[in-house]
Structure formats: C-alpha cells, structure tokens
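Q: Before I ask anything, here is the structure I am working with.
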There are 2 protein chains.
Amino acid sequence: MIKRKKTKRIYVGDVPIGDGTPVVVQSMTNTDTRDVEATLEQIKQLKDAGCEIVRLAVPDEEAAESFGKIKQSVDIPLIADIHFDHRLAIMAIEKGADGIRINPGNMKKSGLKEVIKAAKQASIPIRIGVNAGSLEKELLDKYHHPTVEALVESAIRSIRFFEDMGFDKIKISIKSSSVLDTIKAYELLSEKTDYPLHLGVTEAGTLISGTVKSSIAIGYLLLKGIGDTFRVSLTRPPVEEVKVAYEILRAVGLRKVGPEIISCPTCGRCQIDLFSLVEEVEKGLSDIKTPIKVAVMGCVVNGPGEAKEADIGIAGGKGNGILFKKGKLLKKVPEHLLAQTLIQEVKRMEQEMRR
Amino acid sequence: MIKRKKTKRIYVGDVPIGDGTPVVVQSMTNTDTRDVEATLEQIKQLKDAGCEIVRLAVPDEEAAESFGKIKQSVDIPLIADIHFDHRLAIMAIEKGADGIRINPGNMKKSGLKEVIKAAKQASIPIRIGVNAGSLEKELLDKYHHPTVEALVESAIRSIRFFEDMGFDKIKISIKSSSVLDTIKAYELLSEKTDYPLHLGVTEAGTLISGTVKSSIAIGYLLLKGIGDTFRVSLTRPPVEEVKVAYEILRAVGLRKVGPEIISCPTCGRCQIDLFSLVEEVEKGLSDIKTPIKVAVMGCVVNGPGEAKEADIGIAGGKGNGILFKKGKLLKKVPEHLLAQTLIQEVKRMEQEMRR
C-alpha cells in the first residue's frame, strides 16, 4: 500500500539507508559514554532487541576516547552525536565512527568545515540534525519561534553548505516535540530534497505519551512514503524505543518481525482470565523473530472470526478455549493449559515455516 | 490544521456526536455487567479519567436487569453492547440505555427491525458496529475474507436497512485488527456516508502494540478530518484506554486536557536523574486539567530551547536545573528540589490562568 519516496542511498557502516531499502531502526544509548562497560552492555541489549544503528553522545574528549574503545568491541554501526565542539567530531571520526550527527544550530561554520573534510576523507555520512530546541540564532531572530518554515530553512541552508563543499553523504532530520510540526516539516522537506530522511519526534515524553506522539507522526509519514530511518524517542530505557519502533513498522506493514498478537480488550462477556493469558503468551513468544499472527480472544463474538484469520489463535469460552490453526478448528483446551498449548503450537508452526 | 469532515449530528444522552462537535472519548467496562457494584466503580473511574460515554456488554437477561440498575445510579451516558439476541437490546432500551450498539454480522434482520422500532420510540441512537471478526456470512461467502470492501459493504447495507425503516440516529464503526485495513475502510466509508463515524482498531493488543496501532490508525484518520468519536481498545484496564485517547487527541491538536510533558530520552550528556524526575512531576500533576506545556529536559543541548517554548520548564545541569517560565529564566534550583519546585510553579500558573 505504501509507495515510498525515492531518495539517495547512503551507508552507515554496512547498513544502507534510503533508495527504497528497508526502513532502518535506530536508538541512542543513555549510559555515560565514558563508562565503556555500561555502554557496551546497553549496545548489546539494543542489538538483541533489533536496533540496527546505535548513536552515542560524545560530549567531551574522554567520551571520544571511550567511543574509540567501544567501537573496537562491537559489530553494529555507531554514530557519534556531537554538539558545539567540532573537534570532538573529528576525534570520533578518527576513532572509527560510522557516522556523525551534528546540529547546525550549535556548531560554528568554520568548525563544521573541518568536520565535513574529515568525514569526506573517512567516507562516512553526516546527519544534519535540526532540532526545534536548538535552532540557529539567525533563524530564531528571523522567524521569532522555531516554526516549521524556520526548521526547514535551517535544513536546506545546511544541505547547501555541505554540497558547496562537495559532500553528499547526507541524511537529514527535523525534530520538533510537536506532532503536527513534525509532520508538516518532513512533508515540506521531502518536497525539497532527495536525501534520505531520519524521522523522529524529539522529547516525545514518557512511555505512553511518547509512544502515542511517535506512532502518530512516524506512522503518518511512513504511510505517506516519507522516511528512510527513524528513532522513537522515549524518556525510558532505549530498548523500549526499539520495541515501539518495530510495532510501528509492523502496524504500517513495512517490516514484520516476531509474533503479532491480536487480543481483545475483554468486556463483560469474557469468561477467562485474558489479561494474564495474553501476558503469558507474549512472554513465552518474546524470542521468536518469525512473523506469525497470533489471536488471543476472550469470547465467541469476534473470537472465532479473528482466530480463524490469524495463523493461530484461541477463542475463550467458559473455563476453556478453542484452538484454531490456519483457519481450522484444532481442539478444545482447558483454561489452565491454554497459554502453554498456544506457545507450543506457535513454536511448532515457526519450525514448520523455517523448513 | 485539521479540517473535519461535516457529518450529521446525533446525541448519546446529552453528548453530541458529529457535525463538528468535539471528538468524543468512549470506553467500555470489562467488569461483569451483572456485578452492579464493580461496574459502577469502574464507570466512576472511567468518568474521572475523562471518559464521556461508557459502553457495557449485555450478554444475557440478568445483565440487562443490572444495566437498568446501573443506569439509575450514574449521570454519564451508557450504551448497551448487544450481540446475537435482539430481545436484550429491547430490554436495555426499556431500562434507559442512551444508545445501543449492534453488530449487523450477528443479528437476524427480523430481530433488528424490532430493535430499530424500539430505539425510534425511545429516540436514542444505534451504532452499527461492523467488525472484521464477525462479518455477515453472506458477505464472507461473497468476498471469502473480511476485506475492506466487504466491511464497507456491510456498513452500507445496514445503513440502507435502517433508513428504509425511517431511522437516521445512526453512527457507524468498521473495526479491523489491521491498521491499514482500518484506515482504508474508514476513508472509503467516509466518502460514502455523512453519518458520524466511531473510530477504533479492534483487538489492538497489549499496552504498547495496542497504543501504537490505535495511535497510528486513529491519529491518521483524525488528521484527515475523519472521525467524530472513538475508543482505544487495549487488553488492559479501560482507564488506560481513556488516557491513551486523550494523548492522541492532544497530539493531533484537537483537544488539550491537562499538562503536556515534553521530556528528553536522556543520553550520555544528562547529569541529573531525569527518569525519576519526570515520573515525580507526571504524578504530581496528574490531577490538573488545564492544558499547560511543561518541559523536563536533561541537558543544555535542547533543554533551554524547549524549556523556553514551553509554558514552564526546567533544563538540567550538573546537580541542579534552571527553571524557565513563559520564556524567561526564573532561577537555578538544586536537583533535589527540582520536582517539587516545578510542581508548585505549575500549580501556581494554573491558578493564574483560571483567574
């Protein structure tokens, strides 16, 4: 259904971004980068969760040194997140960064030139990361507020600056904490440039508000064909950002990883303990990467219908449930065995699908 | 930004739906309707959370009796959710239901006629609730699967049936567990009818997957001007559905209730314990209904910028934070006093705004 906009292709390490390649999931560590061990552990968790590119803050020289050590110990592309001081970007490039993220709002042009030269020589991309919270003073003076037009102008000015230096390994993000501004800014930017776009709502907030804002903005843009990579930003451990990212990709039909659990909200009709059942099933299937549609339904109203349309599913009755597989009724199972039976059957199905 | 589609207006109790009136938040109890006390308690919780219409399952006569008792004890409109048995709908109408939800896929036409007659006499609306999990057999035979076209045809057929009986207090929902099908179905339906639409993704799943799916589908449709009321469906206590609903409405700029907390995901730059701080602030402000934008930011990169654009905000430093109010720097606050200072200032601001 989605017709993705054709953008230029860049590589962050060996991960392609843009040009119709699969939308890439990114996140950022929130450990102190100078703490090599803690950061390595978090990178491992992120990778296990499906994160494909990890960004690290590099706020000082000690962090840049650590960045180098971390880079030597991982096989996932790492991006150094740099603000203010261009020398830190150059250090990170020397230490093997697979990409640099700079913010045009807080780096002097003279320093930026040095960064671009170093990135060109190292043949790595730079993300131009425009952020409503840190726009160039010049543009804030002109527009008074970080408006959509101001954000897009900041991005376009930076693109020209990079191009004038003969640099085109660019991706761009324009982040605002407003969903509407985010959508408008990316739509406008996408009309004006063919560089790959990195989506995100900045400072989206806590688990629920952050998930809602990111889902609406990123979901809307992906449905419109806009976006080559994205980060969900939550005030939560970054592994949760990756989980939400894959839920968004699955929901818009772009990438399906792991089981999709269809489960009803329960109502006065439900005669089994569905909340616990769904939780148990979700936990039991958390390691599975094969996309399988699993329905866990409380009653006979929509239960049999949904369970039939899923790859596998159960519809709850009174103290028991009916197991469906590929549209066919398999058997009646007592309630206390429902979770384990369903988990077993999904795992069996996964092995069949792998053959 | 959103240009809402003009629909006909109906009333559920005293709550208007359609015709450009504010998008209404609904939920459904998951207590046993026959348990009057538990259901009343949940309705109270839902109302406190901002729910404007509550739906109750009425699966048997005992539940219909209880529905009547519950109706007498609450002042929020109640809808009876009826499947299969038209007599239960008629009982619920006699007991004072403010609206009836039927599913055209599982009620005989002869019975439906009786329901329409009774609703007409009581002057209450009926929701035609098409669901992919329980489509009419006739349409399943024709389309083989509950396709978007099959769902829309089911809705349109029912609308004609109601209209032929001179009944027009209708709202319609077309629910699927697929985000893409939900979007396509409502877009198609919205072209074909001017009755108010009730949005929702059915069996959306657990907290995160359900929030993601509901946010994308409902967010997308609301941004397109489609939808007059909606329910977020989660396999969770229904109060959480209402919270997610308001986050969606806020994110698309349609209704703003309570504080909006802008908070960053933290990174290697953050030198204060932001996760705990945001949680404490969120908790401390949970009773406030006035829309106030509160920024809780970890560092100086985007912190001061976001904090300035918010009504009130803090940007974390090293062991302290800077308090901003209406774009102006107010004072430096030590970390251990940040949460309580921010909460106090927000409450003071709320009182100022009320004057």
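Residue numbers start at 1 in each chain; chains themselves are named A, B, ... in the order of the structure tokens; ligands are numbered from 1 in the order shown.
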List every residue of stretch 72-284 of chain A that DSSP, applied to the backbone, labels as alpha helix (DSSP H), and write the result as a PyMOL selection string.

A: chain A and resi 72-73+86-94+109-122+137-143+148-164+179-192+207-223+238-251+274-284

Q: Might you pull out every residue within 10 Å of B:Thr31, with only C-alpha atoms counted and same-chain residues fewer than 3 positions away left off, and present them as a PyMOL selection string?

A: (chain A and resi 266-270) or (chain B and resi 28+34-43+56-57+237-238)

Q: I need the chosen residues saved as a short mmCIF file (atom, residue, chain, number, x, y, z; two decimals), in the first residue's frame, with all heavy atoms.

A:
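Wrote selection-v6.cif, looks like this:
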data_model
loop_
_atom_site.label_atom_id
_atom_site.label_comp_id
_atom_site.auth_asym_id
_atom_site.auth_seq_id
_atom_site.Cartn_x
_atom_site.Cartn_y
_atom_site.Cartn_z
N THR A 266 -11.29 -7.33 26.34
CA THR A 266 -12.20 -8.02 27.26
C THR A 266 -13.39 -7.12 27.60
O THR A 266 -13.28 -5.91 27.56
CB THR A 266 -11.56 -8.50 28.61
OG1 THR A 266 -11.49 -7.40 29.52
CG2 THR A 266 -10.20 -9.11 28.39
N CYS A 267 -14.50 -7.76 27.90
CA CYS A 267 -15.67 -7.00 28.34
C CYS A 267 -16.48 -7.91 29.24
O CYS A 267 -15.99 -8.98 29.64
CB CYS A 267 -16.50 -6.51 27.14
SG CYS A 267 -17.31 -7.81 26.21
N GLY A 268 -17.68 -7.51 29.56
CA GLY A 268 -18.49 -8.29 30.48
C GLY A 268 -18.80 -9.69 29.96
O GLY A 268 -19.39 -10.50 30.68
N ARG A 269 -18.38 -9.96 28.71
CA ARG A 269 -18.66 -11.26 28.11
C ARG A 269 -17.57 -12.29 28.38
O ARG A 269 -17.77 -13.49 28.21
CB ARG A 269 -18.75 -11.08 26.59
CG ARG A 269 -20.12 -11.26 26.07
CD ARG A 269 -20.19 -10.86 24.63
NE ARG A 269 -21.37 -10.08 24.46
CZ ARG A 269 -21.40 -8.79 24.31
NH1 ARG A 269 -20.29 -8.10 24.25
NH2 ARG A 269 -22.55 -8.17 24.20
N CYS A 270 -16.40 -11.78 28.74
CA CYS A 270 -15.22 -12.64 28.82
C CYS A 270 -15.27 -13.54 30.05
O CYS A 270 -15.45 -13.07 31.16
CB CYS A 270 -13.98 -11.76 28.86
SG CYS A 270 -12.45 -12.67 28.75
N MET B 28 -15.20 1.10 27.35
CA MET B 28 -16.14 0.02 27.66
C MET B 28 -15.71 -0.65 28.95
O MET B 28 -14.52 -0.88 29.16
CB MET B 28 -16.12 -0.99 26.51
CG MET B 28 -17.14 -2.11 26.64
SD MET B 28 -17.25 -3.05 25.10
CE MET B 28 -18.54 -4.23 25.53
N ARG B 34 -23.29 -7.97 35.31
CA ARG B 34 -24.21 -8.43 36.36
C ARG B 34 -23.73 -8.04 37.75
O ARG B 34 -24.51 -8.01 38.69
CB ARG B 34 -24.38 -9.96 36.26
CG ARG B 34 -25.13 -10.37 35.00
CD ARG B 34 -25.00 -11.84 34.75
NE ARG B 34 -23.60 -12.22 34.57
CZ ARG B 34 -23.19 -13.40 34.09
NH1 ARG B 34 -24.09 -14.31 33.75
NH2 ARG B 34 -21.92 -13.67 33.96
N ASP B 35 -22.45 -7.74 37.87
CA ASP B 35 -21.89 -7.26 39.14
C ASP B 35 -22.04 -5.74 39.17
O ASP B 35 -21.17 -4.99 38.71
CB ASP B 35 -20.42 -7.69 39.23
CG ASP B 35 -19.79 -7.32 40.57
OD1 ASP B 35 -20.35 -6.46 41.28
OD2 ASP B 35 -18.74 -7.88 40.90
N VAL B 36 -23.18 -5.29 39.69
CA VAL B 36 -23.54 -3.87 39.64
C VAL B 36 -22.49 -3.01 40.33
O VAL B 36 -22.06 -1.98 39.80
CB VAL B 36 -24.93 -3.65 40.27
CG1 VAL B 36 -25.25 -2.15 40.38
CG2 VAL B 36 -26.01 -4.35 39.44
N GLU B 37 -22.05 -3.45 41.51
CA GLU B 37 -21.14 -2.64 42.29
C GLU B 37 -19.80 -2.44 41.57
O GLU B 37 -19.30 -1.31 41.46
CB GLU B 37 -20.90 -3.33 43.64
CG GLU B 37 -20.65 -2.36 44.77
CD GLU B 37 -20.69 -3.09 46.11
OE1 GLU B 37 -21.70 -3.80 46.34
OE2 GLU B 37 -19.72 -2.97 46.87
N ALA B 38 -19.23 -3.53 41.09
CA ALA B 38 -17.93 -3.46 40.41
C ALA B 38 -18.04 -2.60 39.14
O ALA B 38 -17.15 -1.81 38.81
CB ALA B 38 -17.44 -4.85 40.05
N THR B 39 -19.17 -2.75 38.45
CA THR B 39 -19.34 -1.99 37.20
C THR B 39 -19.50 -0.51 37.50
O THR B 39 -18.93 0.34 36.81
CB THR B 39 -20.56 -2.55 36.41
OG1 THR B 39 -20.35 -3.95 36.21
CG2 THR B 39 -20.69 -1.87 35.06
N LEU B 40 -20.28 -0.19 38.56
CA LEU B 40 -20.43 1.22 38.95
C LEU B 40 -19.08 1.83 39.31
O LEU B 40 -18.77 2.97 38.93
CB LEU B 40 -21.38 1.34 40.15
CG LEU B 40 -22.88 1.32 39.82
CD1 LEU B 40 -23.70 1.30 41.11
CD2 LEU B 40 -23.28 2.52 38.96
N GLU B 41 -18.27 1.06 40.04
CA GLU B 41 -16.95 1.56 40.44
C GLU B 41 -16.09 1.84 39.20
O GLU B 41 -15.42 2.87 39.12
CB GLU B 41 -16.27 0.53 41.36
CG GLU B 41 -14.82 0.81 41.72
CD GLU B 41 -14.60 2.18 42.36
OE1 GLU B 41 -15.53 2.69 43.00
OE2 GLU B 41 -13.49 2.74 42.18
N GLN B 42 -16.15 0.95 38.22
CA GLN B 42 -15.33 1.15 37.02
C GLN B 42 -15.86 2.34 36.20
O GLN B 42 -15.06 3.11 35.64
CB GLN B 42 -15.29 -0.12 36.17
CG GLN B 42 -14.11 -0.10 35.21
CD GLN B 42 -13.93 -1.41 34.49
OE1 GLN B 42 -14.83 -1.85 33.78
NE2 GLN B 42 -12.78 -2.03 34.65
N ILE B 43 -17.17 2.49 36.14
CA ILE B 43 -17.73 3.63 35.42
C ILE B 43 -17.26 4.94 36.07
O ILE B 43 -16.90 5.90 35.38
CB ILE B 43 -19.28 3.56 35.39
CG1 ILE B 43 -19.73 2.38 34.52
CG2 ILE B 43 -19.88 4.88 34.87
CD1 ILE B 43 -21.22 2.08 34.59
N LEU B 56 -21.38 -0.92 27.92
CA LEU B 56 -21.42 -2.11 28.78
C LEU B 56 -21.89 -3.30 27.95
O LEU B 56 -22.84 -3.17 27.17
CB LEU B 56 -22.41 -1.91 29.93
CG LEU B 56 -22.00 -1.10 31.16
CD1 LEU B 56 -21.81 0.37 30.81
CD2 LEU B 56 -23.04 -1.26 32.27
N ALA B 57 -21.25 -4.43 28.14
CA ALA B 57 -21.71 -5.65 27.49
C ALA B 57 -23.00 -6.11 28.15
O ALA B 57 -23.10 -6.12 29.38
CB ALA B 57 -20.66 -6.75 27.61
N PRO B 237 -6.74 -2.50 31.75
CA PRO B 237 -7.87 -1.83 32.41
C PRO B 237 -8.33 -0.65 31.55
O PRO B 237 -7.51 0.10 31.02
CB PRO B 237 -7.26 -1.35 33.72
CG PRO B 237 -6.13 -2.29 33.98
CD PRO B 237 -5.58 -2.65 32.63
N PRO B 238 -9.66 -0.48 31.39
CA PRO B 238 -10.18 0.52 30.45
C PRO B 238 -9.76 1.96 30.74
O PRO B 238 -9.73 2.78 29.83
CB PRO B 238 -11.69 0.33 30.50
CG PRO B 238 -11.97 -0.55 31.67
CD PRO B 238 -10.74 -1.31 31.95
#

Q: Name the residues in contact with A:Ala245 at a cut-off of 10 Å, using only C-alpha atoms, excluding same-chain residues fewer than 4 positions from it; report them as an MDAnalysis selection string.

A: (chainID A and resid 24:27 50:51 211 214:215 218:219 230:233 239:241 249:251) or (chainID B and resid 212)

Q: Write the residues of the preceding selection, restricted to N, CA, C and O atoms, as an mmCIF file, in the first residue's frame.

A:
data_model
loop_
_atom_site.group_PDB
_atom_site.id
_atom_site.type_symbol
_atom_site.label_atom_id
_atom_site.label_comp_id
_atom_site.auth_asym_id
_atom_site.auth_seq_id
_atom_site.Cartn_x
_atom_site.Cartn_y
_atom_site.Cartn_z
ATOM 1 N N VAL A 24 15.250 1.688 8.461
ATOM 2 C CA VAL A 24 16.218 1.258 9.475
ATOM 3 C C VAL A 24 15.838 1.778 10.868
ATOM 4 O O VAL A 24 15.465 2.944 11.022
ATOM 5 N N VAL A 25 15.955 0.901 11.871
ATOM 6 C CA VAL A 25 15.626 1.261 13.251
ATOM 7 C C VAL A 25 16.893 1.686 14.010
ATOM 8 O O VAL A 25 17.870 0.947 14.056
ATOM 9 N N GLN A 26 16.852 2.853 14.577
ATOM 10 C CA GLN A 26 17.972 3.376 15.347
ATOM 11 C C GLN A 26 17.555 3.647 16.794
ATOM 12 O O GLN A 26 16.378 3.829 17.087
ATOM 13 N N SER A 27 18.556 3.719 17.659
ATOM 14 C CA SER A 27 18.309 4.210 19.004
ATOM 15 C C SER A 27 19.588 4.881 19.495
ATOM 16 O O SER A 27 20.556 4.998 18.743
ATOM 17 N N GLY A 50 16.959 -5.685 18.190
ATOM 18 C CA GLY A 50 16.729 -5.434 16.762
ATOM 19 C C GLY A 50 17.203 -4.079 16.290
ATOM 20 O O GLY A 50 17.018 -3.719 15.126
ATOM 21 N N CYS A 51 17.831 -3.304 17.183
ATOM 22 C CA CYS A 51 18.349 -1.993 16.790
ATOM 23 C C CYS A 51 19.462 -2.199 15.763
ATOM 24 O O CYS A 51 20.283 -3.100 15.903
ATOM 25 N N THR A 211 5.019 7.207 23.120
ATOM 26 C CA THR A 211 4.619 6.193 22.146
ATOM 27 C C THR A 211 3.503 6.726 21.253
ATOM 28 O O THR A 211 3.513 6.527 20.031
ATOM 29 N N SER A 214 5.091 9.530 18.876
ATOM 30 C CA SER A 214 5.962 8.926 17.870
ATOM 31 C C SER A 214 5.154 8.101 16.877
ATOM 32 O O SER A 214 5.409 8.139 15.671
ATOM 33 N N SER A 215 4.179 7.343 17.379
ATOM 34 C CA SER A 215 3.389 6.486 16.489
ATOM 35 C C SER A 215 2.614 7.314 15.485
ATOM 36 O O SER A 215 2.570 6.983 14.292
ATOM 37 N N ILE A 218 5.439 9.383 13.114
ATOM 38 C CA ILE A 218 6.241 8.483 12.274
ATOM 39 C C ILE A 218 5.319 7.613 11.429
ATOM 40 O O ILE A 218 5.559 7.396 10.242
ATOM 41 N N GLY A 219 4.234 7.127 12.042
ATOM 42 C CA GLY A 219 3.279 6.309 11.304
ATOM 43 C C GLY A 219 2.692 7.067 10.124
ATOM 44 O O GLY A 219 2.641 6.560 8.999
ATOM 45 N N PHE A 230 14.461 5.835 11.383
ATOM 46 C CA PHE A 230 13.876 6.654 12.438
ATOM 47 C C PHE A 230 14.298 6.180 13.804
ATOM 48 O O PHE A 230 14.789 5.069 13.984
ATOM 49 N N ARG A 231 14.131 7.084 14.735
ATOM 50 C CA ARG A 231 14.314 6.758 16.137
ATOM 51 C C ARG A 231 13.064 7.179 16.900
ATOM 52 O O ARG A 231 12.578 8.292 16.732
ATOM 53 N N VAL A 232 12.555 6.264 17.710
ATOM 54 C CA VAL A 232 11.487 6.612 18.644
ATOM 55 C C VAL A 232 12.172 7.156 19.887
ATOM 56 O O VAL A 232 13.086 6.532 20.407
ATOM 57 N N SER A 233 11.775 8.316 20.335
ATOM 58 C CA SER A 233 12.411 8.925 21.495
ATOM 59 C C SER A 233 11.481 8.852 22.705
ATOM 60 O O SER A 233 10.377 9.369 22.688
ATOM 61 N N VAL A 239 15.981 0.324 25.001
ATOM 62 C CA VAL A 239 15.464 -0.923 24.420
ATOM 63 C C VAL A 239 13.971 -0.795 24.129
ATOM 64 O O VAL A 239 13.460 -1.331 23.144
ATOM 65 N N GLU A 240 13.266 -0.047 24.970
ATOM 66 C CA GLU A 240 11.829 0.134 24.744
ATOM 67 C C GLU A 240 11.563 0.959 23.487
ATOM 68 O O GLU A 240 10.546 0.801 22.819
ATOM 69 N N GLU A 241 12.484 1.853 23.163
ATOM 70 C CA GLU A 241 12.344 2.624 21.923
ATOM 71 C C GLU A 241 12.355 1.688 20.709
ATOM 72 O O GLU A 241 11.595 1.880 19.758
ATOM 73 N N LEU A 249 6.569 -0.162 12.617
ATOM 74 C CA LEU A 249 6.854 -0.734 11.295
ATOM 75 C C LEU A 249 5.870 -1.847 10.948
ATOM 76 O O LEU A 249 5.413 -1.961 9.810
ATOM 77 N N ARG A 250 5.554 -2.657 11.930
ATOM 78 C CA ARG A 250 4.603 -3.738 11.692
ATOM 79 C C ARG A 250 3.209 -3.187 11.377
ATOM 80 O O ARG A 250 2.547 -3.616 10.436
ATOM 81 N N ALA A 251 2.806 -2.200 12.171
ATOM 82 C CA ALA A 251 1.449 -1.654 12.021
ATOM 83 C C ALA A 251 1.238 -1.051 10.634
ATOM 84 O O ALA A 251 0.163 -1.162 10.062
ATOM 85 N N VAL B 212 0.297 1.691 19.939
ATOM 86 C CA VAL B 212 0.892 2.016 18.632
ATOM 87 C C VAL B 212 -0.162 1.909 17.523
ATOM 88 O O VAL B 212 -0.348 2.833 16.733
#

Q: Which residues come within 10 Å of A:Ile272, counting only C-alpha atoms, excluding same-chain residues fewer than 5 positions away, as a VMD selection string?

A: chain A and resid 266 277 297 to 299 315 to 321 335 to 336

Q: Residues of chain B within 7 Å of chain A, counting only C-alpha atoms, what are they? List them as a PDB file with C-alpha atoms, in the first residue's frame.

A:
ATOM      1  CA  THR B  29     -16.307  -1.654  31.038  1.00  0.00           C
ATOM      2  CA  ASN B  30     -14.666  -5.063  31.372  1.00  0.00           C
ATOM      3  CA  THR B  31     -16.366  -5.963  34.634  1.00  0.00           C
ATOM      4  CA  ASP B  32     -19.187  -8.499  34.631  1.00  0.00           C
ATOM      5  CA  THR B  33     -22.205  -6.262  33.978  1.00  0.00           C
ATOM      6  CA  ALA B  57     -21.714  -5.653  27.490  1.00  0.00           C
ATOM      7  CA  PRO B  59     -24.864 -10.726  27.134  1.00  0.00           C
ATOM      8  CA  GLY B 133     -14.107 -10.788  13.277  1.00  0.00           C
ATOM      9  CA  SER B 134     -17.871 -11.171  12.881  1.00  0.00           C
ATOM     10  CA  SER B 177      -7.313  -5.527  13.832  1.00  0.00           C
ATOM     11  CA  VAL B 179      -4.184  -0.647  10.895  1.00  0.00           C
ATOM     12  CA  LEU B 180      -4.047  -0.434   7.106  1.00  0.00           C
ATOM     13  CA  GLU B 203      -8.327  -6.297  19.298  1.00  0.00           C
ATOM     14  CA  ALA B 204      -5.349  -3.947  19.051  1.00  0.00           C
ATOM     15  CA  GLY B 205      -3.431  -5.902  21.667  1.00  0.00           C
ATOM     16  CA  ILE B 208       2.417  -0.996  23.660  1.00  0.00           C
ATOM     17  CA  SER B 209       1.210  -2.738  20.499  1.00  0.00           C
ATOM     18  CA  THR B 211      -1.261   2.006  21.773  1.00  0.00           C
ATOM     19  CA  VAL B 212       0.892   2.016  18.632  1.00  0.00           C
ATOM     20  CA  LYS B 213      -1.850   0.564  16.405  1.00  0.00           C
ATOM     21  CA  SER B 215      -2.407   5.902  17.647  1.00  0.00           C
ATOM     22  CA  ILE B 216      -1.439   5.367  14.013  1.00  0.00           C
ATOM     23  CA  GLY B 219      -4.286   9.626  14.552  1.00  0.00           C
ATOM     24  CA  TYR B 220      -4.098   9.286  10.782  1.00  0.00           C
ATOM     25  CA  SER B 233      -9.036  -0.777  22.531  1.00  0.00           C
ATOM     26  CA  LEU B 234      -6.352  -2.259  24.793  1.00  0.00           C
ATOM     27  CA  THR B 235      -6.035  -5.584  26.592  1.00  0.00           C
ATOM     28  CA  ARG B 236      -5.667  -3.511  29.778  1.00  0.00           C
ATOM     29  CA  VAL B 244      -4.262   6.973  25.529  1.00  0.00           C
ATOM     30  CA  GLU B 247      -2.884  11.628  24.357  1.00  0.00           C
ATOM     31  CA  ILE B 248      -3.985  11.015  20.766  1.00  0.00           C
ATOM     32  CA  ALA B 251      -1.029  15.039  19.766  1.00  0.00           C
ATOM     33  CA  VAL B 252      -3.208  15.867  16.751  1.00  0.00           C
ATOM     34  CA  ILE B 261       5.060  16.922  29.438  1.00  0.00           C
ATOM     35  CA  ILE B 262       7.918  17.379  26.991  1.00  0.00           C
ATOM     36  CA  SER B 263      10.824  15.263  28.221  1.00  0.00           C
ATOM     37  CA  CYS B 264      14.000  14.089  26.566  1.00  0.00           C
ATOM     38  CA  PRO B 265      15.101  10.457  26.291  1.00  0.00           C
ATOM     39  CA  THR B 266      18.353  11.296  28.156  1.00  0.00           C
ATOM     40  CA  CYS B 267      21.753  10.434  26.722  1.00  0.00           C
ATOM     41  CA  GLY B 268      25.374  10.379  27.841  1.00  0.00           C
ATOM     42  CA  ARG B 269      25.078  14.108  28.367  1.00  0.00           C
ATOM     43  CA  PHE B 275      13.631   9.370  34.631  1.00  0.00           C
ATOM     44  CA  VAL B 301      21.689  20.981  24.139  1.00  0.00           C
ATOM     45  CA  ASN B 302      17.934  21.345  23.570  1.00  0.00           C
ATOM     46  CA  GLY B 303      16.973  21.964  27.189  1.00  0.00           C
ATOM     47  CA  GLY B 305      15.297  25.960  23.895  1.00  0.00           C
ATOM     48  CA  GLU B 306      12.459  23.570  24.729  1.00  0.00           C
TER      49      GLU B 306
END

Q: Counting only C-alpha atoms, which of B:Val74, B:Ala185, B:Ile170, B:Val333 gets nearest to B:Gly313?

A: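 For B:Gly313, the nearest of the given residues is B:Val333.
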
Q: What lies within 8 Å of B:Val12 using only C-alpha atoms, ignoring chain neighbours under 5 positions off, as a PyMOL selection string?

A: chain B and resi 17+53+77+98-99+124-125

Q: Could you save those same residues with N, CA, C and O atoms as a PDB file, in the first residue's frame?

A:
ATOM      1  N   ILE B  17     -22.543  14.114  19.089  1.00  0.00           N
ATOM      2  CA  ILE B  17     -21.508  13.444  18.286  1.00  0.00           C
ATOM      3  C   ILE B  17     -21.726  13.825  16.830  1.00  0.00           C
ATOM      4  O   ILE B  17     -22.832  13.712  16.304  1.00  0.00           O
ATOM      5  N   ILE B  53     -18.572   8.685  27.341  1.00  0.00           N
ATOM      6  CA  ILE B  53     -19.653   7.726  27.104  1.00  0.00           C
ATOM      7  C   ILE B  53     -19.095   6.350  27.469  1.00  0.00           C
ATOM      8  O   ILE B  53     -17.976   6.015  27.088  1.00  0.00           O
ATOM      9  N   PRO B  77     -23.670   9.059  29.980  1.00  0.00           N
ATOM     10  CA  PRO B  77     -24.433   8.240  29.028  1.00  0.00           C
ATOM     11  C   PRO B  77     -23.895   6.805  28.930  1.00  0.00           C
ATOM     12  O   PRO B  77     -22.688   6.596  28.879  1.00  0.00           O
ATOM     13  N   ASP B  98     -28.827   4.891  26.742  1.00  0.00           N
ATOM     14  CA  ASP B  98     -28.713   6.120  25.958  1.00  0.00           C
ATOM     15  C   ASP B  98     -28.347   5.825  24.507  1.00  0.00           C
ATOM     16  O   ASP B  98     -28.344   6.726  23.668  1.00  0.00           O
ATOM     17  N   GLY B  99     -28.016   4.587  24.255  1.00  0.00           N
ATOM     18  CA  GLY B  99     -27.686   4.174  22.897  1.00  0.00           C
ATOM     19  C   GLY B  99     -27.486   2.677  22.880  1.00  0.00           C
ATOM     20  O   GLY B  99     -27.280   2.049  23.928  1.00  0.00           O
ATOM     21  N   ILE B 124     -33.410   7.175  20.809  1.00  0.00           N
ATOM     22  CA  ILE B 124     -31.971   7.014  21.091  1.00  0.00           C
ATOM     23  C   ILE B 124     -31.264   6.497  19.838  1.00  0.00           C
ATOM     24  O   ILE B 124     -31.888   5.894  18.968  1.00  0.00           O
ATOM     25  N   PRO B 125     -29.959   6.743  19.733  1.00  0.00           N
ATOM     26  CA  PRO B 125     -29.222   6.309  18.548  1.00  0.00           C
ATOM     27  C   PRO B 125     -28.756   4.852  18.625  1.00  0.00           C
ATOM     28  O   PRO B 125     -28.705   4.262  19.706  1.00  0.00           O
TER      29      PRO B 125
END

Q: Just give me the gap between atom CA of B:Ser66 and atom CA of B:Ala80 in Å, one decimal is fine.

A: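 Rounded to one decimal, the two atoms are 11.3 Å apart.
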
Q: Give me the residues within 12 Å of B:Phe162 as a VMD selection string, counting only C-alpha atoms and dropping any in the same chain fewer than 6 places off.

A: chain B and resid 104 109 112 to 117 119 to 120 125 to 128 155 to 156 168 to 172
